[in-house]
2 protein chains.
Amino acid sequence: MRLLVVEDETSIANFIRDGLEEEGFAVDVASNGKKGLELALDNIKEYDVILLDWMLPGLNGIEICREIRKVNNVVPIIFLTAKDTVDDAIFGLEAGANDYIRKPFSFEEMLARIRVLMRTRSNEVVLFTAGAIEMDIEKHTVTKNNTVVELTQKEFALLEYFLRNKGKVCRRTRIIEKVWDIHYDHDNSVIDVYINALRKKLDSPNEPSFIITVRGVGYKIEADE
Amino acid sequence: MRLLVVEDETSIANFIRDGLEEEGFAVDVASNGKKGLELALDNIKEYDVILLDWMLPGLNGIEICREIRKVNNVVPIIFLTAKDTVDDAIFGLEAGANDYIRKPFSFEEMLARIRVLMRTRSNEVVLFTAGAIEMDIEKHTVTKNNTVVELTQKEFALLEYFLRNKGKVCRRTRIIEKVWDIHYDHDNSVIDVYINALRKKLDSPNEPSFIITVRGVGYKIEADE
DNA sequence: TCCATTCTTAAGCTGATTTTAAGATAAGTC
DNA sequence: GACTTATCTTAAAATCAGCTTAAGAATGGA
């Protein structure tokens, strides 16, 4: 189990690292936002949990969180916030964080929260399918009838969102929140363009699209029988 | 989505219930530990999230949590704790809770946390039924005798409103408010058109309509026996 | 820096949905 | 039964959501 801690105050960072190492975790520490993001992006597959300080010199926590979520939206992210900044915390959760801890926090509390998130993670699916289409999260590839189809980042993210929600309608507002990270915005016409791209790349000619339009609501992929 | 709130302070309980109902959740409230546990155990499959006050007359929150976890360890449980009782909170997490919220909390914060937990769960279906008609909210489909019936957005919204209020009379003014979001308007003849459309699509020939006209008031769907 | 790729914005187009409107029908009242 | 009023039904008009392109902006390598 490997954790990344992004925290500029050395004393806190050390306190966390020592404690977690005693508990048997491998811990990387980044002392500013830039380094933190670099570490996170370079080793995104390695980390089981990321602890992010909210107030950081340079890049702040929320920006880092957003950047990480663009690339990977499963690794659990926990915010460390100064107390009484509840609004910030909500902001953090909306930015894709899974939890937050208010400072000052007890080590025990933090550990408990880390364990809760690891629990939910361990049954992570890494292979999604829909008909002839297959997505491998770890390899970051998509195939159709076992032939690789090249997708851009956004195309991949959108398709991943659909596959994770196979059988359910994906509402436009949710899509724009989850895939584009845009909140409280009513113009979501970008989605159309990407739907179009996915269909062009993945549909079979003379057949209905594998992405079903649910007018006025969003889109969905039919669950297999 | 159905939530159970176990909270003895009526003002807090009402605040939570009203807010969550506005967000479209169904909410059950228990005002003491014993009732709370009964409700939880009797309807364990029904609840999508359980909110548990820590300090309760009779059974306290942690005992309830343990009992619930003996029977079911997926339903997300959130503790409500008085502030500065961090140790208790850890205790709660160890007893099987998934999260805790410190009082006083903002409604937004609570909502955000509830949503985070629902995200990780969301494998159960939300179904509304009336006779042979079935509505699946997540799939956004309506079936009659297991055959899919295509509905437009407004038709769907109207039917959803009826099904959510099965057995109760739905007044025209309420309908226009809830489904069309039109307030203080006295022309609500659009409803007629949509009632007609729903009947055409969902009624069986030579049988009374499943939408009953209550002249001068509105419409209703009969509750199943 | 320049080039190539990807992402976003914008706009016209199309077909479906929603609303309006108006005559027909049914229910309730005197 | 005649009158009034609410609801039903239909069809046409208005609006809107989604599709498709293309072009400009941003990003990331060479």
# chains A, B, ... in the order shown; residues from 1 in each chain; ligands from 1
$ calpha_fit_rmsd --fixed "chain A" --moving "chain B"
15.9 Å
$ closest_atom_pairs --of "chain A" --to "chain C" --cutoff "9 Å" --atoms "only C-alpha atoms (C1' of nucleotides)" --output "CSV"
residue,atom,partner,partner_atom,distance
A:Thr152,CA,C:DT6,C1',7.2
A:Gln153,CA,C:DT6,C1',8.5
A:Lys154,CA,C:DC7,C1',8.4
A:Val190,CA,C:DT8,C1',6.9
$ write_last_selection --atoms "N, CA and C atoms" --output "JSON list (two decimals), in the first residue's frame"
[["chain", "number", "residue", "atom", "x", "y", "z"],
["A", 152, "THR", "N", -8.84, 9.74, -28.01],
["A", 152, "THR", "CA", -8.18, 10.85, -27.31],
["A", 152, "THR", "C", -8.55, 10.75, -25.83],
["A", 153, "GLN", "N", -7.91, 11.60, -25.03],
["A", 153, "GLN", "CA", -8.15, 11.59, -23.59],
["A", 153, "GLN", "C", -9.63, 11.77, -23.24],
["A", 154, "LYS", "N", -10.21, 12.79, -23.84],
["A", 154, "LYS", "CA", -11.60, 13.10, -23.52],
["A", 154, "LYS", "C", -12.54, 12.02, -24.01],
["A", 190, "VAL", "N", -20.52, 20.60, -25.73],
["A", 190, "VAL", "CA", -19.29, 19.86, -26.07],
["A", 190, "VAL", "C", -19.58, 18.38, -26.13]]
$ closest_atom_pairs --of "chain A" --to "chain B" --cutoff "6 Å" --atoms "only C-alpha atoms" --output "Markdown table"
| residue | atom | partner | partner_atom | distance |
| --- | --- | --- | --- | --- |
| A:Ile90 | CA | B:Glu109 | CA | 5.9 |
| A:Glu109 | CA | B:Ile90 | CA | 5.5 |
| A:Gly167 | CA | B:Lys139 | CA | 6.0 |
| A:Lys168 | CA | B:Lys139 | CA | 4.2 |
| A:Val169 | CA | B:Lys139 | CA | 5.3 |
| A:Gly216 | CA | B:Gln153 | CA | 6.0 |
$ select_by_dssp --residues "stretch 154-188 of chain B" --states "helix (DSSP H, G or I)" --output "JSON, numbers by chain"
{"B": [154, 155, 156, 157, 158, 159, 160, 161, 162, 163, 164, 172, 173, 174, 175, 176, 177, 178]}
$ select_by_dssp --residues "chain A" --states "strand (DSSP E or B)" --output "PyMOL selection string"
chain A and resi 2-6+26-30+49-53+77-82+99-103+127-130+133-136+141-144+147-149+170-171+212-214+218-220
$ closest_atom_pairs --of "chain A" --to "chain D" --cutoff "9 Å" --atoms "only C-alpha atoms (C1' of nucleotides)" --output "CSV"
residue,atom,partner,partner_atom,distance
A:Ser189,CA,D:DG18,C1',8.9
A:Asp192,CA,D:DG18,C1',7.1
A:Val193,CA,D:DT20,C1',8.4
A:Asn196,CA,D:DC19,C1',7.7
A:Thr213,CA,D:DG18,C1',8.6
A:Arg215,CA,D:DA17,C1',7.1
A:Gly216,CA,D:DA17,C1',6.7
$ write_last_selection --atoms "N, CA and C atoms" --output "short mmCIF file (atom, residue, chain, number, x, y, z; two decimals), in the first residue's frame"
data_model
loop_
_atom_site.label_atom_id
_atom_site.label_comp_id
_atom_site.auth_asym_id
_atom_site.auth_seq_id
_atom_site.Cartn_x
_atom_site.Cartn_y
_atom_site.Cartn_z
N SER A 189 -22.77 21.64 -24.68
CA SER A 189 -22.85 21.16 -26.06
C SER A 189 -21.57 20.46 -26.52
N ASP A 192 -22.02 16.78 -27.28
CA ASP A 192 -22.48 16.37 -28.61
C ASP A 192 -21.32 16.01 -29.51
N VAL A 193 -20.33 16.89 -29.49
CA VAL A 193 -19.18 16.72 -30.37
C VAL A 193 -18.46 15.40 -30.05
N ASN A 196 -20.43 12.33 -31.00
CA ASN A 196 -20.25 12.16 -32.43
C ASN A 196 -18.93 11.45 -32.73
N THR A 213 -29.28 7.79 -27.45
CA THR A 213 -29.67 9.13 -27.03
C THR A 213 -30.97 9.06 -26.25
N ARG A 215 -33.37 11.60 -25.23
CA ARG A 215 -33.65 13.01 -25.50
C ARG A 215 -34.09 13.76 -24.25
N GLY A 216 -33.49 14.91 -24.06
CA GLY A 216 -33.85 15.75 -22.92
C GLY A 216 -33.19 15.33 -21.62
#
$ atom_distance --atom1 "atom CA of A:Phe128" --atom2 "atom CA of A:Asn145"
13.6 Å
